[in-house]
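In what follows, a structure is listed as structure tokens, so that the remarks can point back to it.
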Amino acid sequence: MPPLSELSPDALADLRAGLRKEYDALKGQGLKLDMTRGKPASAQLDLSAEMLALPGNRDTTAEDGTDARNYGNLQGLAETRALFSTLMGAPADQIVVANNSSLALMHDTIVYALLKGVPGGRGPWSKEEPITFLCPVPGYDRHFALCEGYGIRMIPVPMTGEGPDMDAVEKAVSDPSVKGIWCVPKYANPSGETYSAETVRRLASMKTGAPDFRIFWDNAYAVHHLTAERPELANILEACAAAGNPNRAFVFASTSKVTLAGAGLALWASSPENLRWYLAQAGRRSIGPDKLNQLRHVRFLRDDAGIAAHMEKHRELIAPKFAAVEEAFAARLAGQGVAQWSAPKGGYFITLDVQDGTASRVVALAKEAGLALTPAGATHPYGKDPNDRTLRIAPTFPSLAEVRKAAEAVALCTLLAAVEARLG
């Protein structure tokens, strides 16, 4: 079929009638599918089932003699910090290992900055209204929710395929109210791109109006590969130190999609000065993390090779699901001029850009047919996509058969919404 733009009104009307018949049949199937969040499937969680027996009976002593059952060790066990040194791009003594949620670490870091300020600043951020964060779009809705919840103004910055538009970023950070930028630098959520070395260099070295500007570097998908290709990500902490801005970056990650999503480890890394600042604040909140879980991860993952082998098992489970989405979209949407989609090399999402003004309609059509999608606008600050175009597709949680069915349904809804829009 030729692109929709080449069809006459009569041909479009005939096409709509045919698509509507397909859609009614789809609704008649009574689907109940959910592709709203990037959750690991049960089969992925099963990969870490043996962790539940670790550490073994009386295996509760860390390498330095610490009894992991007791209070203390706010920074985390030394062997656990060492295990994740490569993943975090930091020496073990600049890493904090906490409980399961890296989002909680991001939340706490922002709250500490608002209440106490950060090294190199003039005091609490909350005393310097307005406070502004730059938000690469499409981006992660939970980052935006943190800012919105604490009254931090958000400025969207477009992604380019190599990270955020650095010309726009460098212009924006001259404003001293701009205190931070959100970054998902490897296999970005949801576009899947990895920041180029030049983007990392410019982020680390750019001149900012705020002396206490911070990069919130959420490296959530650092080891979550979908192909044999392994894009390299430049080390942000090293780049910042080389540029004379050693305190600029806070690095976050977790094992939520590596081991057990509800019982993983959250990771934080930064400069020595930032580390001292963070631990001083966190020490008022907790006496120490779950160190038995830290031992459990060390016993199970062991080292970098162990992490890589474990993640290869994840890839074998989820790569076919991403391939199924690509196949379904290509079969129905290629050449129609109504949609584009990403082909990520890693991460948990596919970005689907539909015809301008139709993303909300696609979501509504999908919902009526029994398929839950992430709301249109979720990829932008305040839930407002000015073009009503971008959708985040999350293929990991449903079964392969369900993913295939869901992707076919999304493609049908995308095409139907585009035809409806052209016919007015």
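Quick note on naming: the chains in the structure tokens go A, B, ... in the order shown, residues restart at 1 in each chain, and ligands are numbered from 1 in order of appearance.
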
Exercise for the section: Compile the contact shell of Asn293 (chain A) as a VMD selection string: residues with an atom at most 9 Å away, counting only C-alpha atoms, same-chain residues fewer than 5 positions apart removed. Expected result: chain A and resid 54 to 55 68 99 263 to 265 298

Please provide as a PDB file with C-alpha atoms, in the first residue's frame all residues within 12 Å of Arg230 (chain A), with the sequence filter that same-chain residues fewer than 2 positions apart are discarded (counting only C-alpha atoms).
```pdb
ATOM      1  CA  LYS A 186      23.381   4.303  28.116  1.00  0.00           C
ATOM      2  CA  TYR A 187      20.420   2.773  26.295  1.00  0.00           C
ATOM      3  CA  GLU A 193      20.583   5.771  22.486  1.00  0.00           C
ATOM      4  CA  THR A 194      23.997   5.896  24.167  1.00  0.00           C
ATOM      5  CA  TYR A 221      20.855   0.092  31.824  1.00  0.00           C
ATOM      6  CA  ALA A 222      24.658  -0.070  31.854  1.00  0.00           C
ATOM      7  CA  VAL A 223      24.780  -3.866  31.433  1.00  0.00           C
ATOM      8  CA  HIS A 224      21.400  -4.479  29.786  1.00  0.00           C
ATOM      9  CA  HIS A 225      22.402  -5.437  26.245  1.00  0.00           C
ATOM     10  CA  LEU A 226      20.073  -6.668  23.513  1.00  0.00           C
ATOM     11  CA  THR A 227      22.647  -7.369  20.802  1.00  0.00           C
ATOM     12  CA  ALA A 228      26.234  -8.583  20.535  1.00  0.00           C
ATOM     13  CA  GLU A 232      31.070   2.309  24.871  1.00  0.00           C
ATOM     14  CA  LEU A 233      30.027   5.042  27.291  1.00  0.00           C
ATOM     15  CA  ALA A 308      28.216 -10.428  32.161  1.00  0.00           C
ATOM     16  CA  PRO A 344      17.687  -0.188  20.577  1.00  0.00           C
ATOM     17  CA  LYS A 345      20.868  -2.161  21.218  1.00  0.00           C
ATOM     18  CA  GLY A 346      20.027  -2.372  24.892  1.00  0.00           C
ATOM     19  CA  GLY A 347      17.746  -1.197  27.650  1.00  0.00           C
TER      20      GLY A 347
END
```

Problem - Top pick for closest residue to Pro398 (chain A), considering A:Leu103, A:Leu415, A:Pro320, A:Lys291 and counting only C-alpha atoms - result: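 For Pro398 (chain A), the nearest of the candidates is A:Pro320.
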
Hey, what's within 9 Å of Val258 (chain A) if we count only C-alpha atoms and toss same-chain stuff fewer than 2 positions away? As a PDB file with N, CA and C atoms, in the first residue's frame, please?
```pdb
ATOM      1  N   PRO A  40      10.879  -6.580  34.660  1.00  0.00           N
ATOM      2  CA  PRO A  40      11.364  -7.901  34.240  1.00  0.00           C
ATOM      3  C   PRO A  40      10.258  -8.933  34.364  1.00  0.00           C
ATOM      4  N   GLN A  44      12.762 -13.917  33.970  1.00  0.00           N
ATOM      5  CA  GLN A  44      14.004 -13.199  34.286  1.00  0.00           C
ATOM      6  C   GLN A  44      14.290 -13.250  35.777  1.00  0.00           C
ATOM      7  N   LEU A  45      13.273 -13.057  36.585  1.00  0.00           N
ATOM      8  CA  LEU A  45      13.464 -13.128  38.032  1.00  0.00           C
ATOM      9  C   LEU A  45      13.899 -14.528  38.459  1.00  0.00           C
ATOM     10  N   SER A  48      17.578 -15.556  39.073  1.00  0.00           N
ATOM     11  CA  SER A  48      18.252 -15.275  40.345  1.00  0.00           C
ATOM     12  C   SER A  48      17.653 -16.043  41.507  1.00  0.00           C
ATOM     13  N   VAL A 223      24.407  -2.501  31.833  1.00  0.00           N
ATOM     14  CA  VAL A 223      24.780  -3.866  31.433  1.00  0.00           C
ATOM     15  C   VAL A 223      23.622  -4.603  30.772  1.00  0.00           C
ATOM     16  N   HIS A 224      22.619  -3.865  30.319  1.00  0.00           N
ATOM     17  CA  HIS A 224      21.400  -4.479  29.786  1.00  0.00           C
ATOM     18  C   HIS A 224      21.431  -4.463  28.258  1.00  0.00           C
ATOM     19  N   SER A 254      21.373   0.387  39.718  1.00  0.00           N
ATOM     20  CA  SER A 254      20.834  -0.602  40.650  1.00  0.00           C
ATOM     21  C   SER A 254      20.888  -1.974  40.005  1.00  0.00           C
ATOM     22  N   THR A 255      20.614  -2.982  40.805  1.00  0.00           N
ATOM     23  CA  THR A 255      20.511  -4.347  40.279  1.00  0.00           C
ATOM     24  C   THR A 255      19.052  -4.766  40.120  1.00  0.00           C
ATOM     25  N   SER A 256      18.139  -3.815  40.098  1.00  0.00           N
ATOM     26  CA  SER A 256      16.711  -4.137  40.050  1.00  0.00           C
ATOM     27  C   SER A 256      16.349  -4.988  38.849  1.00  0.00           C
ATOM     28  N   LEU A 260      16.865  -9.352  41.485  1.00  0.00           N
ATOM     29  CA  LEU A 260      15.463  -9.368  41.903  1.00  0.00           C
ATOM     30  C   LEU A 260      14.965  -7.931  42.023  1.00  0.00           C
ATOM     31  N   ALA A 261      13.951  -7.596  41.242  1.00  0.00           N
ATOM     32  CA  ALA A 261      13.532  -6.196  41.140  1.00  0.00           C
ATOM     33  C   ALA A 261      13.139  -5.603  42.487  1.00  0.00           C
ATOM     34  N   GLY A 264      16.773  -5.906  45.137  1.00  0.00           N
ATOM     35  CA  GLY A 264      18.094  -5.666  44.582  1.00  0.00           C
ATOM     36  C   GLY A 264      18.905  -4.722  45.450  1.00  0.00           C
ATOM     37  N   ILE A 307      28.693 -11.095  36.298  1.00  0.00           N
ATOM     38  CA  ILE A 307      27.626 -10.171  35.921  1.00  0.00           C
ATOM     39  C   ILE A 307      27.337 -10.298  34.429  1.00  0.00           C
ATOM     40  N   HIS A 310      25.513 -13.541  33.596  1.00  0.00           N
ATOM     41  CA  HIS A 310      24.130 -13.475  34.059  1.00  0.00           C
ATOM     42  C   HIS A 310      23.283 -12.610  33.129  1.00  0.00           C
ATOM     43  N   MET A 311      23.840 -11.482  32.687  1.00  0.00           N
ATOM     44  CA  MET A 311      23.077 -10.593  31.810  1.00  0.00           C
ATOM     45  C   MET A 311      22.878 -11.190  30.420  1.00  0.00           C
ATOM     46  N   HIS A 314      19.683 -12.919  30.567  1.00  0.00           N
ATOM     47  CA  HIS A 314      18.585 -11.972  30.401  1.00  0.00           C
ATOM     48  C   HIS A 314      18.371 -11.657  28.920  1.00  0.00           C
TER      49      HIS A 314
END
```

Practice task
Between A:Ala378, A:Ala78, A:Met51, A:Ala417, single out the one closest to Asp93 (chain A), counting only C-alpha atoms.
Solution key: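 Checking each of A:Ala378, A:Ala78, A:Met51, A:Ala417 against Asp93 (chain A), counting only C-alpha atoms, the winner is A:Ala78.
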
Practice task
Tell me which protein, DNA and RNA residues are within 9 Å of region 242-252 of chain A, counting only C-alpha atoms, leaving out same-chain ones fewer than 2 positions away, and put them as number ranges by chain.
Solution key: A: 88-89, 102-103, 105-106, 109, 119-120, 201, 204-206, 212-220, 236-240, 254, 266-274

Handout entry: Selected residue of minimal separation from Phe322 (chain A) among A:Ser399, A:Thr379, A:Ser174, A:Gln355, counting only C-alpha atoms
Key =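 Closest residue, counting only C-alpha atoms: A:Ser399.
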
Problem - Spatial neighbours of region 22-25 of chain A, 8 Å, only C-alpha atoms, chain gap at least 3 places, as a ChimeraX atom specification - result: /A:18-19,28-29,369,412-413

Residues of the last selection are to be written out with C-alpha atoms, as a PDB file, in the first residue's frame.
```
ATOM      1  CA  GLY A  18     -11.322  -2.046   6.666  1.00  0.00           C
ATOM      2  CA  LEU A  19      -9.206  -1.044   9.649  1.00  0.00           C
ATOM      3  CA  GLY A  28     -13.806  -9.082  20.408  1.00  0.00           C
ATOM      4  CA  GLN A  29     -10.774 -11.104  21.515  1.00  0.00           C
ATOM      5  CA  ALA A 369      -9.147  -3.103  22.877  1.00  0.00           C
ATOM      6  CA  LEU A 412      -3.269  -1.417  14.022  1.00  0.00           C
ATOM      7  CA  CYS A 413      -4.250   1.367  16.440  1.00  0.00           C
TER       8      CYS A 413
END
```

Problem - Distance query Lys179 (chain A) at most 6 Å, only C-alpha atoms, self and fewer than 2 positions along chain excluded, as a PyMOL selection string - result: chain A and resi 132-133+177+213

Could those residues be written to a file, using all heavy atoms, as a short mmCIF file (atom, residue, chain, number, x, y, z; two decimals), in the first residue's frame?
```cif
data_model
loop_
_atom_site.label_atom_id
_atom_site.label_comp_id
_atom_site.auth_asym_id
_atom_site.auth_seq_id
_atom_site.Cartn_x
_atom_site.Cartn_y
_atom_site.Cartn_z
N THR A 132 15.72 25.04 38.62
CA THR A 132 15.40 24.49 37.31
C THR A 132 16.26 23.27 37.01
O THR A 132 17.46 23.25 37.34
CB THR A 132 15.63 25.54 36.21
OG1 THR A 132 14.89 26.72 36.52
CG2 THR A 132 15.21 25.03 34.85
N PHE A 133 15.66 22.25 36.40
CA PHE A 133 16.39 21.10 35.86
C PHE A 133 16.14 21.02 34.36
O PHE A 133 15.04 21.30 33.88
CB PHE A 133 15.91 19.79 36.51
CG PHE A 133 16.75 19.32 37.66
CD1 PHE A 133 17.07 20.18 38.70
CD2 PHE A 133 17.20 18.02 37.73
CE1 PHE A 133 17.83 19.75 39.77
CE2 PHE A 133 17.96 17.57 38.80
CZ PHE A 133 18.28 18.44 39.83
N SER A 177 19.81 29.67 37.72
CA SER A 177 18.73 28.89 38.34
C SER A 177 18.77 27.43 37.92
O SER A 177 18.13 26.59 38.55
CB SER A 177 17.36 29.48 37.99
OG SER A 177 16.91 29.08 36.72
N PHE A 213 26.02 23.30 40.04
CA PHE A 213 25.28 22.53 39.04
C PHE A 213 25.66 21.05 39.15
O PHE A 213 26.82 20.71 39.33
CB PHE A 213 25.61 23.05 37.64
CG PHE A 213 24.98 22.26 36.53
CD1 PHE A 213 23.70 22.54 36.10
CD2 PHE A 213 25.69 21.23 35.91
CE1 PHE A 213 23.12 21.81 35.07
CE2 PHE A 213 25.12 20.50 34.87
CZ PHE A 213 23.83 20.79 34.46
#
```

Practice task
Report as a ChimeraX atom specification: the residues of region 68-297 of chain A with a DSSP assignment of strand (DSSP E or B), based on the backbone of this structure.
Solution key: /A:95-98,132-137,153-159,164,178-183,214-218,225,249-254,266-269

Keeping only C-alpha atoms, take the residues you just selected and write them out as a PDB file, in the first residue's frame.
```pdb
ATOM      1  CA  ILE A  95      30.632   4.116  45.890  1.00  0.00           C
ATOM      2  CA  VAL A  96      27.666   3.762  48.241  1.00  0.00           C
ATOM      3  CA  VAL A  97      25.594   0.562  48.227  1.00  0.00           C
ATOM      4  CA  ALA A  98      22.082   1.008  49.588  1.00  0.00           C
ATOM      5  CA  THR A 132      15.399  24.487  37.308  1.00  0.00           C
ATOM      6  CA  PHE A 133      16.392  21.102  35.865  1.00  0.00           C
ATOM      7  CA  LEU A 134      17.034  20.320  32.222  1.00  0.00           C
ATOM      8  CA  CYS A 135      15.090  17.287  31.042  1.00  0.00           C
ATOM      9  CA  PRO A 136      16.169  15.486  27.845  1.00  0.00           C
ATOM     10  CA  VAL A 137      13.080  14.353  25.925  1.00  0.00           C
ATOM     11  CA  ARG A 153      10.885  23.846  37.147  1.00  0.00           C
ATOM     12  CA  MET A 154      11.662  21.652  34.136  1.00  0.00           C
ATOM     13  CA  ILE A 155      12.962  22.689  30.723  1.00  0.00           C
ATOM     14  CA  PRO A 156      12.810  20.038  27.968  1.00  0.00           C
ATOM     15  CA  VAL A 157      15.876  19.511  25.781  1.00  0.00           C
ATOM     16  CA  PRO A 158      15.602  17.344  22.641  1.00  0.00           C
ATOM     17  CA  MET A 159      17.595  14.149  22.251  1.00  0.00           C
ATOM     18  CA  PRO A 164      20.833  15.690  24.560  1.00  0.00           C
ATOM     19  CA  VAL A 178      19.586  25.747  36.349  1.00  0.00           C
ATOM     20  CA  LYS A 179      20.881  23.400  39.031  1.00  0.00           C
ATOM     21  CA  GLY A 180      20.835  20.058  37.276  1.00  0.00           C
ATOM     22  CA  ILE A 181      20.178  17.828  34.297  1.00  0.00           C
ATOM     23  CA  TRP A 182      18.707  14.334  34.162  1.00  0.00           C
ATOM     24  CA  CYS A 183      20.654  11.848  32.054  1.00  0.00           C
ATOM     25  CA  ARG A 214      24.892  18.737  39.109  1.00  0.00           C
ATOM     26  CA  ILE A 215      24.471  15.996  36.512  1.00  0.00           C
ATOM     27  CA  PHE A 216      22.093  13.275  37.723  1.00  0.00           C
ATOM     28  CA  TRP A 217      23.612  10.355  35.775  1.00  0.00           C
ATOM     29  CA  ASP A 218      21.086   7.512  35.961  1.00  0.00           C
ATOM     30  CA  HIS A 225      22.402  -5.437  26.245  1.00  0.00           C
ATOM     31  CA  ALA A 249      28.190  14.282  38.581  1.00  0.00           C
ATOM     32  CA  PHE A 250      26.095  12.025  40.802  1.00  0.00           C
ATOM     33  CA  VAL A 251      26.023   8.501  39.335  1.00  0.00           C
ATOM     34  CA  PHE A 252      23.147   6.112  40.054  1.00  0.00           C
ATOM     35  CA  ALA A 253      22.432   2.484  39.144  1.00  0.00           C
ATOM     36  CA  SER A 254      20.834  -0.602  40.650  1.00  0.00           C
ATOM     37  CA  ALA A 266      20.874   0.560  44.727  1.00  0.00           C
ATOM     38  CA  LEU A 267      24.193   2.175  43.882  1.00  0.00           C
ATOM     39  CA  TRP A 268      25.487   5.753  44.185  1.00  0.00           C
ATOM     40  CA  ALA A 269      28.898   7.133  43.211  1.00  0.00           C
TER      41      ALA A 269
END
```

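With only C-alpha atoms as the atoms that count, the residue of A:Ala282, A:Ala49, A:Leu416, A:Gly149 with the shortest distance to Arg20 (chain A) is A:Leu416.
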
Residues of region 310-337 of chain A that have any atom at most 12 Å from an atom of region 2-11 of chain A: could you tabulate them with the shortest-distance atom pair and the distance in Å to one decimal, using only C-alpha atoms, ordered by chain and increasing number, as a Markdown table?
```
| residue | atom | partner | partner_atom | distance |
| --- | --- | --- | --- | --- |
| A:Arg332 | CA | A:Pro3 | CA | 11.7 |
| A:Leu333 | CA | A:Pro3 | CA | 9.5 |
| A:Ala334 | CA | A:Pro3 | CA | 9.1 |
| A:Gly335 | CA | A:Pro3 | CA | 6.0 |
| A:Gln336 | CA | A:Pro3 | CA | 4.1 |
| A:Gly337 | CA | A:Pro3 | CA | 5.5 |
```

Exercise for the section: Using CA of Asp304 (chain A) and CA of Ala90 (chain A) as the two end points, give the distance in Å to one decimal. Expected result: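 A separation of 13.9 Å between them.
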
Problem - Shell of 12 Å around Val362 (chain A), only C-alpha atoms, local chain residues under 4 positions omitted, as number ranges by chain - result: A: 23, 338-339, 352-358, 366-369, 371-376, 388-392, 409-421

Practice task
Any chance you could list, as a ChimeraX atom specification, the residues in region 150-364 of chain A that come up helix (DSSP H, G or I) when DSSP is run on the backbone?
Solution key: /A:166-172,197-205,236-242,272-282,291-301,304-333,359-364
